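*Asks:* My structure is stored as protein14.pdb, with PDB, C-alpha atoms.
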```
ATOM      1  CA  MET V  29      29.328  51.392   8.002
ATOM      2  CA  ILE V  30      26.084  50.507   6.355
ATOM      3  CA  PRO V  31      23.106  50.191   8.732
ATOM      4  CA  LEU V  32      21.922  46.653   9.342
ATOM      5  CA  GLU V  33      18.361  47.274   8.162
ATOM      6  CA  HIS V  34      19.479  47.969   4.609
ATOM      7  CA  PHE V  35      21.029  44.530   4.294
ATOM      8  CA  LEU V  36      17.873  42.990   5.727
ATOM      9  CA  PHE V  37      15.644  44.831   3.248
ATOM     10  CA  VAL V  38      17.683  43.528   0.314
ATOM     11  CA  SER V  39      17.618  40.026   1.773
ATOM     12  CA  ALA V  40      13.840  40.145   2.318
ATOM     13  CA  ALA V  41      13.268  41.350  -1.258
ATOM     14  CA  LEU V  42      15.474  38.607  -2.670
ATOM     15  CA  PHE V  43      13.695  35.985  -0.568
ATOM     16  CA  CYS V  44      10.242  37.060  -1.708
ATOM     17  CA  ILE V  45      11.302  37.197  -5.356
ATOM     18  CA  GLY V  46      12.671  33.661  -4.955
ATOM     19  CA  VAL V  47       9.356  32.475  -3.509
ATOM     20  CA  ALA V  48       7.480  34.114  -6.403
ATOM     21  CA  ILE V  49       9.773  32.404  -8.935
ATOM     22  CA  ILE V  50       9.184  28.998  -7.357
ATOM     23  CA  ILE V  51       5.406  29.434  -7.479
ATOM     24  CA  ILE V  52       5.087  31.085 -10.888
ATOM     25  CA  LYS V  53       7.549  29.387 -13.195
ATOM     26  CA  ARG V  54       6.892  26.118 -14.973
ATOM     27  CA  ASN V  55      10.381  25.134 -16.029
ATOM     28  CA  ALA V  56      12.044  22.955 -13.402
ATOM     29  CA  ILE V  57      15.435  24.601 -13.816
ATOM     30  CA  VAL V  58      14.047  28.100 -13.289
ATOM     31  CA  VAL V  59      12.442  26.794 -10.076
ATOM     32  CA  LEU V  60      15.935  25.711  -9.017
ATOM     33  CA  MET V  61      17.139  29.242  -9.736
ATOM     34  CA  GLY V  62      14.478  30.519  -7.346
ATOM     35  CA  ILE V  63      15.733  28.141  -4.661
ATOM     36  CA  GLU V  64      19.262  29.471  -5.113
ATOM     37  CA  LEU V  65      17.926  33.007  -4.703
ATOM     38  CA  ILE V  66      16.337  32.036  -1.390
ATOM     39  CA  LEU V  67      19.608  30.534  -0.158
ATOM     40  CA  ASN V  68      21.482  33.681  -1.155
ATOM     41  CA  ALA V  69      18.983  35.824   0.736
ATOM     42  CA  ALA V  70      19.574  33.784   3.889
ATOM     43  CA  ASN V  71      23.317  34.146   3.374
ATOM     44  CA  ILE V  72      23.055  37.936   3.128
ATOM     45  CA  ASN V  73      21.204  37.905   6.436
ATOM     46  CA  LEU V  74      23.905  35.802   8.092
ATOM     47  CA  VAL V  75      26.741  37.949   6.774
ATOM     48  CA  ALA V  76      24.994  41.185   7.749
ATOM     49  CA  PHE V  77      24.580  40.037  11.328
ATOM     50  CA  SER V  78      28.124  38.735  11.530
ATOM     51  CA  GLN V  79      29.342  42.324  11.160
ATOM     52  CA  HIS V  80      28.615  42.533  14.904
ATOM     53  CA  ASP V  81      30.910  39.587  15.633
ATOM     54  CA  PRO V  82      34.356  40.611  14.388
ATOM     55  CA  HIS V  83      36.315  38.162  16.530
ATOM     56  CA  ARG V  84      34.707  34.891  15.561
ATOM     57  CA  ILE V  85      32.622  35.774  12.421
ATOM     58  CA  GLN V  86      30.269  32.898  13.102
ATOM     59  CA  GLY V  87      27.738  34.234  10.605
ATOM     60  CA  GLN V  88      30.244  34.128   7.768
ATOM     61  CA  MET V  89      31.324  30.592   8.684
ATOM     62  CA  PHE V  90      27.736  29.413   8.636
ATOM     63  CA  ALA V  91      27.184  31.196   5.316
ATOM     64  CA  LEU V  92      30.194  29.302   3.937
ATOM     65  CA  PHE V  93      28.575  26.006   4.849
ATOM     66  CA  VAL V  94      25.269  27.171   3.373
ATOM     67  CA  ILE V  95      27.114  27.759   0.081
ATOM     68  CA  VAL V  96      28.587  24.248   0.252
ATOM     69  CA  VAL V  97      25.201  22.632   0.919
ATOM     70  CA  ALA V  98      23.607  24.713  -1.849
ATOM     71  CA  ALA V  99      26.204  23.471  -4.315
ATOM     72  CA  ALA V 100      25.608  19.834  -3.357
ATOM     73  CA  GLU V 101      21.845  20.303  -3.535
ATOM     74  CA  ALA V 102      22.002  22.006  -6.940
ATOM     75  CA  ALA V 103      24.087  19.159  -8.341
ATOM     76  CA  VAL V 104      21.732  16.446  -7.118
ATOM     77  CA  ALA V 105      18.620  18.407  -8.146
ATOM     78  CA  LEU V 106      19.941  18.910 -11.663
ATOM     79  CA  ALA V 107      20.796  15.209 -11.902
ATOM     80  CA  ILE V 108      17.182  14.423 -10.943
ATOM     81  CA  VAL V 109      15.861  16.908 -13.519
ATOM     82  CA  LEU V 110      18.000  15.290 -16.208
ATOM     83  CA  LYS V 111      16.748  11.820 -15.267
ATOM     84  CA  VAL V 112      13.145  13.015 -15.273
ATOM     85  CA  TYR V 113      13.719  14.579 -18.690
ATOM     86  CA  GLN V 114      15.068  11.280 -19.982
ATOM     87  CA  HIS V 115      11.758   9.678 -19.151
ATOM     88  CA  PHE V 116       9.124  12.363 -19.644
ATOM     89  CA  ARG V 117      10.876  14.252 -22.466
ATOM     90  CA  THR V 118       9.883  17.562 -20.864
ATOM     91  CA  ALA V 119      11.221  19.845 -18.113
ATOM     92  CA  ASN V 120       7.803  21.372 -17.484
ATOM     93  CA  VAL V 121       6.658  20.771 -13.912
ATOM     94  CA  ASP V 122       2.995  20.661 -14.930
ATOM     95  CA  GLU V 123       3.537  17.768 -17.312
ATOM     96  CA  ILE V 124       5.542  15.575 -14.936
ATOM     97  CA  SER V 125       2.378  14.305 -13.363
ATOM     98  CA  SER V 126       2.370  10.521 -13.330
ATOM     99  CA  MET V 127       4.005   8.496 -10.585
ATOM    100  CA  LYS V 128       3.798   5.135 -12.339
ATOM    101  CA  TYR V 129       6.989   4.498 -14.288
TER
ATOM    102  CA  MET X  25      30.610  57.154  -0.763
ATOM    103  CA  LEU X  26      29.930  53.787   0.801
ATOM    104  CA  PRO X  27      26.111  54.139   0.827
ATOM    105  CA  TYR X  28      26.125  54.863  -2.903
ATOM    106  CA  ILE X  29      28.159  51.745  -3.670
ATOM    107  CA  PHE X  30      25.841  49.735  -1.447
ATOM    108  CA  PHE X  31      22.817  51.145  -3.246
ATOM    109  CA  ALA X  32      24.341  50.285  -6.633
ATOM    110  CA  PHE X  33      25.014  46.664  -5.656
ATOM    111  CA  ALA X  34      21.604  46.323  -3.999
ATOM    112  CA  LEU X  35      19.933  47.666  -7.140
ATOM    113  CA  LEU X  36      21.932  45.228  -9.289
ATOM    114  CA  THR X  37      20.949  42.305  -7.095
ATOM    115  CA  VAL X  38      17.237  43.034  -6.745
ATOM    116  CA  GLY X  39      16.937  44.227 -10.362
ATOM    117  CA  SER X  40      18.480  41.043 -11.725
ATOM    118  CA  ALA X  41      16.237  38.948  -9.474
ATOM    119  CA  LEU X  42      13.207  40.781 -10.877
ATOM    120  CA  LEU X  43      14.505  40.074 -14.361
ATOM    121  CA  ILE X  44      14.572  36.354 -13.579
ATOM    122  CA  LEU X  45      10.983  36.612 -12.413
ATOM    123  CA  LEU X  46       9.691  38.596 -15.360
ATOM    124  CA  THR X  47      11.423  37.007 -18.330
ATOM    125  CA  LYS X  48      10.109  33.948 -20.137
ATOM    126  CA  ASN X  49      13.428  33.110 -21.796
ATOM    127  CA  VAL X  50      15.289  30.567 -19.668
ATOM    128  CA  LEU X  51      18.742  31.650 -20.793
ATOM    129  CA  TYR X  52      18.021  35.292 -20.025
ATOM    130  CA  ALA X  53      17.008  34.075 -16.578
ATOM    131  CA  ALA X  54      20.293  32.191 -16.209
ATOM    132  CA  PHE X  55      22.365  35.239 -17.078
ATOM    133  CA  SER X  56      20.300  37.454 -14.807
ATOM    134  CA  LEU X  57      21.061  34.938 -12.067
ATOM    135  CA  LEU X  58      24.739  35.499 -12.836
ATOM    136  CA  LEU X  59      24.271  39.229 -12.258
ATOM    137  CA  THR X  60      22.413  38.513  -9.025
ATOM    138  CA  PHE X  61      25.275  36.379  -7.732
ATOM    139  CA  LEU X  62      27.784  39.107  -8.592
ATOM    140  CA  GLY X  63      25.655  41.704  -6.826
ATOM    141  CA  VAL X  64      25.443  39.514  -3.731
ATOM    142  CA  ALA X  65      29.233  39.109  -3.803
ATOM    143  CA  GLY X  66      29.554  42.906  -3.829
ATOM    144  CA  LEU X  67      27.243  43.115  -0.820
ATOM    145  CA  TYR X  68      29.390  40.575   0.998
ATOM    146  CA  VAL X  69      32.478  42.747   0.464
ATOM    147  CA  LEU X  70      30.634  45.757   1.851
ATOM    148  CA  ALA X  71      29.771  43.714   4.950
ATOM    149  CA  GLY X  72      33.402  42.797   5.543
ATOM    150  CA  ALA X  73      33.163  39.239   4.169
ATOM    151  CA  ASP X  74      35.767  39.374   1.426
ATOM    152  CA  TYR X  75      36.732  35.682   1.505
ATOM    153  CA  LEU X  76      33.074  34.747   1.299
ATOM    154  CA  ALA X  77      32.569  37.065  -1.670
ATOM    155  CA  ILE X  78      35.278  35.374  -3.713
ATOM    156  CA  THR X  79      34.041  31.937  -2.655
ATOM    157  CA  GLN X  80      30.539  32.960  -3.720
ATOM    158  CA  VAL X  81      31.740  33.986  -7.174
ATOM    159  CA  MET X  82      33.803  30.829  -7.639
ATOM    160  CA  ILE X  83      31.228  28.317  -6.452
ATOM    161  CA  TYR X  84      27.981  29.927  -7.525
ATOM    162  CA  VAL X  85      28.989  31.502 -10.809
ATOM    163  CA  GLY X  86      31.730  29.074 -11.734
ATOM    164  CA  GLY X  87      29.965  25.921 -10.588
ATOM    165  CA  ILE X  88      26.255  26.099  -9.992
ATOM    166  CA  LEU X  89      25.415  28.512 -12.786
ATOM    167  CA  VAL X  90      27.418  26.539 -15.347
ATOM    168  CA  LEU X  91      25.595  23.404 -14.172
ATOM    169  CA  MET X  92      22.243  25.124 -14.627
ATOM    170  CA  ILE X  93      23.100  26.273 -18.135
ATOM    171  CA  PHE X  94      24.153  22.673 -18.808
ATOM    172  CA  GLY X  95      20.761  21.570 -17.554
ATOM    173  CA  VAL X  96      18.936  24.095 -19.732
ATOM    174  CA  MET X  97      20.820  23.025 -22.837
ATOM    175  CA  LEU X  98      20.290  19.325 -22.202
ATOM    176  CA  THR X  99      16.560  19.551 -21.449
ATOM    177  CA  ASN X 100      15.657  21.607 -24.461
ATOM    178  CA  LYS X 101      15.925  19.203 -27.349
ATOM    179  CA  ASP X 102      12.619  17.412 -27.670
ATOM    180  CA  ARG X 103      10.182  20.301 -27.767
ATOM    181  CA  GLU X 104       7.799  20.676 -30.648
ATOM    182  CA  GLY X 105       8.063  24.318 -31.579
ATOM    183  CA  GLY X 106       8.719  24.660 -35.265
ATOM    184  CA  PRO X 107      11.500  26.970 -36.377
ATOM    185  CA  ASP X 108      11.748  28.890 -33.091
ATOM    186  CA  THR X 109      13.953  26.924 -30.735
ATOM    187  CA  THR X 110      14.594  29.414 -27.930
ATOM    188  CA  ALA X 111      14.184  27.862 -24.526
ATOM    189  CA  THR X 112      11.149  29.491 -22.953
ATOM    190  CA  THR X 113       9.106  28.844 -19.874
ATOM    191  CA  GLN X 114       5.463  29.568 -19.196
ATOM    192  CA  HIS X 115       3.897  31.043 -16.090
ATOM    193  CA  HIS X 116       1.191  29.546 -13.953
ATOM    194  CA  ASN X 117      -0.474  30.657 -10.700
ATOM    195  CA  GLN X 118       0.676  34.195 -11.332
ATOM    196  CA  PHE X 119      -1.866  35.831  -9.057
ATOM    197  CA  MET X 120      -1.225  33.497  -6.133
ATOM    198  CA  GLY X 121       2.517  33.772  -6.614
ATOM    199  CA  THR X 122       2.606  37.549  -6.523
ATOM    200  CA  LEU X 123       0.133  37.612  -3.658
ATOM    201  CA  ALA X 124       2.262  35.247  -1.588
ATOM    202  CA  ALA X 125       5.446  37.153  -2.365
ATOM    203  CA  ILE X 126       3.978  40.578  -1.595
ATOM    204  CA  GLY X 127       2.348  39.276   1.591
ATOM    205  CA  LEU X 128       5.584  37.708   2.790
ATOM    206  CA  PHE X 129       7.528  40.847   1.948
ATOM    207  CA  THR X 130       5.075  42.971   3.920
ATOM    208  CA  VAL X 131       5.410  40.737   6.955
ATOM    209  CA  LEU X 132       9.219  40.818   6.779
ATOM    210  CA  LEU X 133       9.238  44.586   6.229
ATOM    211  CA  ILE X 134       7.094  45.228   9.294
ATOM    212  CA  ALA X 135       9.263  42.896  11.362
ATOM    213  CA  ILE X 136      12.491  44.624  10.291
ATOM    214  CA  LEU X 137      11.096  48.081  10.955
ATOM    215  CA  LYS X 138       9.814  47.202  14.399
ATOM    216  CA  VAL X 139      13.029  45.747  15.786
ATOM    217  CA  ASN X 140      15.411  48.063  17.597
ATOM    218  CA  PHE X 141      18.769  47.067  16.185
ATOM    219  CA  SER X 142      20.744  49.615  18.141
ATOM    220  CA  ALA X 143      20.712  47.197  21.071
ATOM    221  CA  LEU X 144      23.263  45.086  19.185
ATOM    222  CA  SER X 145      26.838  45.953  20.015
ATOM    223  CA  GLY X 146      30.227  45.245  18.586
ATOM    224  CA  ALA X 147      29.733  46.742  15.150
ATOM    225  CA  SER X 148      32.727  48.998  15.084
ATOM    226  CA  GLY X 149      33.331  48.628  11.373
ATOM    227  CA  SER X 150      36.605  46.868  12.120
ATOM    228  CA  LEU X 151      35.704  44.080   9.725
ATOM    229  CA  LEU X 152      36.071  46.477   6.815
ATOM    230  CA  ASN X 153      39.692  47.245   7.660
ATOM    231  CA  GLN X 154      41.080  43.712   7.692
ATOM    232  CA  SER X 155      40.914  40.637   5.537
ATOM    233  CA  SER X 156      38.717  37.828   6.793
ATOM    234  CA  VAL X 157      40.796  35.055   5.233
ATOM    235  CA  ALA X 158      43.042  34.464   8.265
ATOM    236  CA  ILE X 159      40.231  34.295  10.776
ATOM    237  CA  THR X 160      38.163  32.096   8.440
ATOM    238  CA  GLY X 161      41.046  29.653   8.262
ATOM    239  CA  ILE X 162      41.542  29.632  12.030
ATOM    240  CA  GLN X 163      37.834  29.162  12.684
ATOM    241  CA  LEU X 164      37.570  26.325  10.155
ATOM    242  CA  MET X 165      40.320  24.446  11.974
ATOM    243  CA  THR X 166      39.244  25.159  15.549
ATOM    244  CA  GLY X 167      35.617  26.098  16.139
ATOM    245  CA  PHE X 168      34.101  24.730  12.941
ATOM    246  CA  VAL X 169      36.167  21.626  12.283
ATOM    247  CA  LEU X 170      33.221  19.240  12.654
ATOM    248  CA  PRO X 171      31.002  20.973  10.037
ATOM    249  CA  PHE X 172      34.077  21.192   7.836
ATOM    250  CA  GLU X 173      34.614  17.432   7.857
ATOM    251  CA  VAL X 174      30.899  16.691   7.521
ATOM    252  CA  ALA X 175      30.728  19.066   4.537
ATOM    253  CA  ALA X 176      33.529  17.106   2.903
ATOM    254  CA  ILE X 177      31.559  13.874   3.340
ATOM    255  CA  LEU X 178      28.407  15.601   2.083
ATOM    256  CA  LEU X 179      30.177  16.729  -1.070
ATOM    257  CA  MET X 180      31.456  13.221  -1.739
ATOM    258  CA  VAL X 181      27.952  11.791  -1.287
ATOM    259  CA  ALA X 182      26.496  14.454  -3.581
ATOM    260  CA  LEU X 183      29.142  13.753  -6.213
ATOM    261  CA  ILE X 184      28.491  10.015  -6.242
ATOM    262  CA  SER X 185      24.719  10.370  -6.160
ATOM    263  CA  ALA X 186      24.576  12.997  -8.908
ATOM    264  CA  ALA X 187      26.808  10.920 -11.157
ATOM    265  CA  TYR X 188      24.701   7.823 -10.515
ATOM    266  CA  ILE X 189      21.297   9.493 -10.908
ATOM    267  CA  ALA X 190      22.161  11.269 -14.137
ATOM    268  CA  GLY X 191      23.835   8.240 -15.640
ATOM    269  CA  LYS X 192      22.731   6.499 -18.787
ATOM    270  CA  SER X 193      19.280   4.955 -18.711
ATOM    271  CA  LYS X 194      19.170   1.198 -18.537
ATOM    272  CA  ASN X 195      17.074   0.631 -21.667
TER
END
```
Take the structure from the file and write it as structure tokens.

*Replies:*
Amino acid sequence: MIPLEHFLFVSAALFCIGVAIIIIKRNAIVVLMGIELILNAANINLVAFSQHDPHRIQGQMFALFVIVVAAAEAAVALAIVLKVYQHFRTANVDEISSMKY
Amino acid sequence: MLPYIFFAFALLTVGSALLILLTKNVLYAAFSLLLTFLGVAGLYVLAGADYLAITQVMIYVGGILVLMIFGVMLTNKDREGGPDTTATTQHHNQFMGTLAAIGLFTVLLIAILKVNFSALSGASGSLLNQSSVAITGIQLMTGFVLPFEVAAILLMVALISAAYIAGKSKN
């Protein structure tokens, strides 16, 4: 069996790279990719800890629902990005700066 | 043998995530995200979550990633760029971003190293010898039936709202 800390190191690295992507990138869709990385890091954590729960695998069940919520959130977020693009003609988060329609 | 496979999948995952961070080409980032999702699916299998690994590949790669590539293709038309039409992204706040990420990683690293995980019990490796599909199904119908039904409603709401928000503009 693989020690628990190794899973947690990978998950921490993925989380921090996701945070860096959200802060650094200017394209709205790449920011969404960073958010998906963060959700995957949390899922790795849940699955790693559920190794210690072989009878009810609660961690894996919760990770399943995290995947479902991530899918719903990605769909709605991309719909919003498309609508914003229809108006502003750009997907650059620095140029979407006016609230007045 | 198992630690080497784990190291390979971990390297694939973190390496692809770094590629997303470092590249300026949005489509390269999308395909690196694909590799990241596959690496995470491999890690799930090594943690005894085989059903979750296949679900991850189907939903993330087959659904969310395709949607993101859709989004990239549809938001790339009206840029003034001359003959070069590759979809690129710029960087901003690079110093603050890397500082925040490295700081957060240091905090998490110290926390993981300080905790004594041997106090946890029950990890007999038995999850690696059986398939998790049967127990996932039983748990979804007994212990997790309420989140299951709420997730179904959530997906319907997300479907309707995404279709309405991205619909044709009224002008």

*Asks:* Looking at V:Phe93, V:His80, V:Ile63, V:His115, which one is nearest to Phe141 (chain X), with distances taken over all atoms listed in the file?

*Replies:*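 When distances to Phe141 (chain X) are compared using all atoms listed in the file, the smallest one comes from V:His80.
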
*Asks:* Counting only C-alpha atoms, a student should be able to say which residues of chain X come within 6 Å of chain V; what is the right answer, written as a list of chain:residue names?

*Replies:*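 Output check: X:Leu45, X:Thr113, X:Gln114, X:His115, X:His116, X:Asn117, X:Gln118, X:Gly121, X:Thr122, X:Ala125, X:Phe129, X:Gly146, X:Ala147, X:Gly149, X:Leu151, X:Leu179, X:Ala182, X:Ala186, X:Ile189, X:Ala190.
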
*Asks:* Could you write out that same residue set with C-alpha atoms as a PDB file, in the coordinates of the input?

*Replies:*
```
ATOM      1  CA  LEU X  45      10.983  36.612 -12.413  1.00  0.00           C
ATOM      2  CA  THR X 113       9.106  28.844 -19.874  1.00  0.00           C
ATOM      3  CA  GLN X 114       5.463  29.568 -19.196  1.00  0.00           C
ATOM      4  CA  HIS X 115       3.897  31.043 -16.090  1.00  0.00           C
ATOM      5  CA  HIS X 116       1.191  29.546 -13.953  1.00  0.00           C
ATOM      6  CA  ASN X 117      -0.474  30.657 -10.700  1.00  0.00           C
ATOM      7  CA  GLN X 118       0.676  34.195 -11.332  1.00  0.00           C
ATOM      8  CA  GLY X 121       2.517  33.772  -6.614  1.00  0.00           C
ATOM      9  CA  THR X 122       2.606  37.549  -6.523  1.00  0.00           C
ATOM     10  CA  ALA X 125       5.446  37.153  -2.365  1.00  0.00           C
ATOM     11  CA  PHE X 129       7.528  40.847   1.948  1.00  0.00           C
ATOM     12  CA  GLY X 146      30.227  45.245  18.586  1.00  0.00           C
ATOM     13  CA  ALA X 147      29.733  46.742  15.150  1.00  0.00           C
ATOM     14  CA  GLY X 149      33.331  48.628  11.373  1.00  0.00           C
ATOM     15  CA  LEU X 151      35.704  44.080   9.725  1.00  0.00           C
ATOM     16  CA  LEU X 179      30.177  16.729  -1.070  1.00  0.00           C
ATOM     17  CA  ALA X 182      26.496  14.454  -3.581  1.00  0.00           C
ATOM     18  CA  ALA X 186      24.576  12.997  -8.908  1.00  0.00           C
ATOM     19  CA  ILE X 189      21.297   9.493 -10.908  1.00  0.00           C
ATOM     20  CA  ALA X 190      22.161  11.269 -14.137  1.00  0.00           C
TER      21      ALA X 190
END
```

*Asks:* Need to verify the contact set: region 70-78 of chain X, 6 Å, only C-alpha atoms, exclusion of same-chain residues closer than 5 positions in sequence. Can you return it as a PyMOL selection string?

*Replies:* chain X and resi 65+151-152+157

*Asks:* Please, could you write that set of residues out with C-alpha atoms as a PDB file, keeping the file's coordinate frame?

*Replies:*
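Contents of the output file result_24.pdb:
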```
ATOM      1  CA  ALA X  65      29.233  39.109  -3.803  1.00  0.00           C
ATOM      2  CA  LEU X 151      35.704  44.080   9.725  1.00  0.00           C
ATOM      3  CA  LEU X 152      36.071  46.477   6.815  1.00  0.00           C
ATOM      4  CA  VAL X 157      40.796  35.055   5.233  1.00  0.00           C
TER       5      VAL X 157
END
```

*Asks:* One decimal, in Å: what's the spacing between CA of Val59 (chain V) and CA of Ser185 (chain X)?

*Replies:* 20.9 Å

*Asks:* Expressed in Å to a single decimal, how great is the separation between CA of Leu42 (chain X) and CA of Phe119 (chain X)?

*Replies:*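 The value is 16.0 Å.
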
*Asks:* Quick one: pull the distance between CA of Leu67 (chain X) and CA of Ala32 (chain X), Å, one decimal.

*Replies:*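 Result for CA of Leu67 (chain X) versus CA of Ala32 (chain X): 9.7 Å, one decimal.
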
*Asks:* Restricting the calculation to only C-alpha atoms: of X:Thr99, X:Thr47, X:Ser40, X:Ser150, which residue gets closest to Phe116 (chain V)?

*Replies:* X:Thr99

*Asks:* Evaluate the PyMOL selection byres ((chain X and resi 59) around 10) on the structure here and hand back the selected residues as a list in words.

*Replies:*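 On this input, the PyMOL selection byres ((chain X and resi 59) around 10) captures Phe33, Leu36, Thr37, Val38, Gly39, Ser40, Ala41, Ala53, Ala54, Phe55, Ser56, Leu57, Leu58, Thr60, Phe61, Leu62, Gly63, Val64, Ala65 and Val85 of chain X.
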
*Asks:* Met97 (chain X): which residues within 10 Å, counting all atoms listed in the file, same-chain residues fewer than 6 positions away excluded, as a PyMOL selection string?

*Replies:* chain X and resi 50-51+91+111

*Asks:* Where atoms are absent from region 126-138 of chain X, fill them in so it carries N, CA and C atoms, then output it as a PDB file, in the frame of the given file.

*Replies:*
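Writing the result to rebuild-v9.pdb gives the following:
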```pdb
ATOM      1  N   ILE X 126       4.206  39.245  -2.158  1.00  0.00           N
ATOM      2  CA  ILE X 126       3.978  40.578  -1.595  1.00  0.00           C
ATOM      3  C   ILE X 126       3.573  40.473  -0.130  1.00  0.00           C
ATOM      4  N   GLY X 127       2.739  39.455   0.195  1.00  0.00           N
ATOM      5  CA  GLY X 127       2.348  39.276   1.591  1.00  0.00           C
ATOM      6  C   GLY X 127       3.546  38.987   2.482  1.00  0.00           C
ATOM      7  N   LEU X 128       4.395  38.058   2.012  1.00  0.00           N
ATOM      8  CA  LEU X 128       5.584  37.708   2.790  1.00  0.00           C
ATOM      9  C   LEU X 128       6.504  38.914   2.943  1.00  0.00           C
ATOM     10  N   PHE X 129       6.658  39.687   1.875  1.00  0.00           N
ATOM     11  CA  PHE X 129       7.528  40.847   1.948  1.00  0.00           C
ATOM     12  C   PHE X 129       6.984  41.877   2.929  1.00  0.00           C
ATOM     13  N   THR X 130       5.663  42.027   2.967  1.00  0.00           N
ATOM     14  CA  THR X 130       5.075  42.971   3.920  1.00  0.00           C
ATOM     15  C   THR X 130       5.344  42.546   5.355  1.00  0.00           C
ATOM     16  N   VAL X 131       5.168  41.241   5.599  1.00  0.00           N
ATOM     17  CA  VAL X 131       5.410  40.737   6.955  1.00  0.00           C
ATOM     18  C   VAL X 131       6.869  40.971   7.366  1.00  0.00           C
ATOM     19  N   LEU X 132       7.804  40.643   6.450  1.00  0.00           N
ATOM     20  CA  LEU X 132       9.219  40.818   6.779  1.00  0.00           C
ATOM     21  C   LEU X 132       9.555  42.291   6.973  1.00  0.00           C
ATOM     22  N   LEU X 133       8.970  43.145   6.137  1.00  0.00           N
ATOM     23  CA  LEU X 133       9.238  44.586   6.229  1.00  0.00           C
ATOM     24  C   LEU X 133       8.803  45.129   7.581  1.00  0.00           C
ATOM     25  N   ILE X 134       7.587  44.750   8.006  1.00  0.00           N
ATOM     26  CA  ILE X 134       7.094  45.228   9.294  1.00  0.00           C
ATOM     27  C   ILE X 134       7.980  44.728  10.417  1.00  0.00           C
ATOM     28  N   ALA X 135       8.406  43.453  10.314  1.00  0.00           N
ATOM     29  CA  ALA X 135       9.263  42.896  11.362  1.00  0.00           C
ATOM     30  C   ALA X 135      10.592  43.639  11.438  1.00  0.00           C
ATOM     31  N   ILE X 136      11.200  43.940  10.274  1.00  0.00           N
ATOM     32  CA  ILE X 136      12.491  44.624  10.291  1.00  0.00           C
ATOM     33  C   ILE X 136      12.350  46.030  10.846  1.00  0.00           C
ATOM     34  N   LEU X 137      11.233  46.702  10.506  1.00  0.00           N
ATOM     35  CA  LEU X 137      11.096  48.081  10.955  1.00  0.00           C
ATOM     36  C   LEU X 137      10.797  48.178  12.437  1.00  0.00           C
ATOM     37  N   LYS X 138      10.200  47.098  12.994  1.00  0.00           N
ATOM     38  CA  LYS X 138       9.814  47.202  14.399  1.00  0.00           C
ATOM     39  C   LYS X 138      10.963  46.918  15.346  1.00  0.00           C
TER      40      LYS X 138
END
```
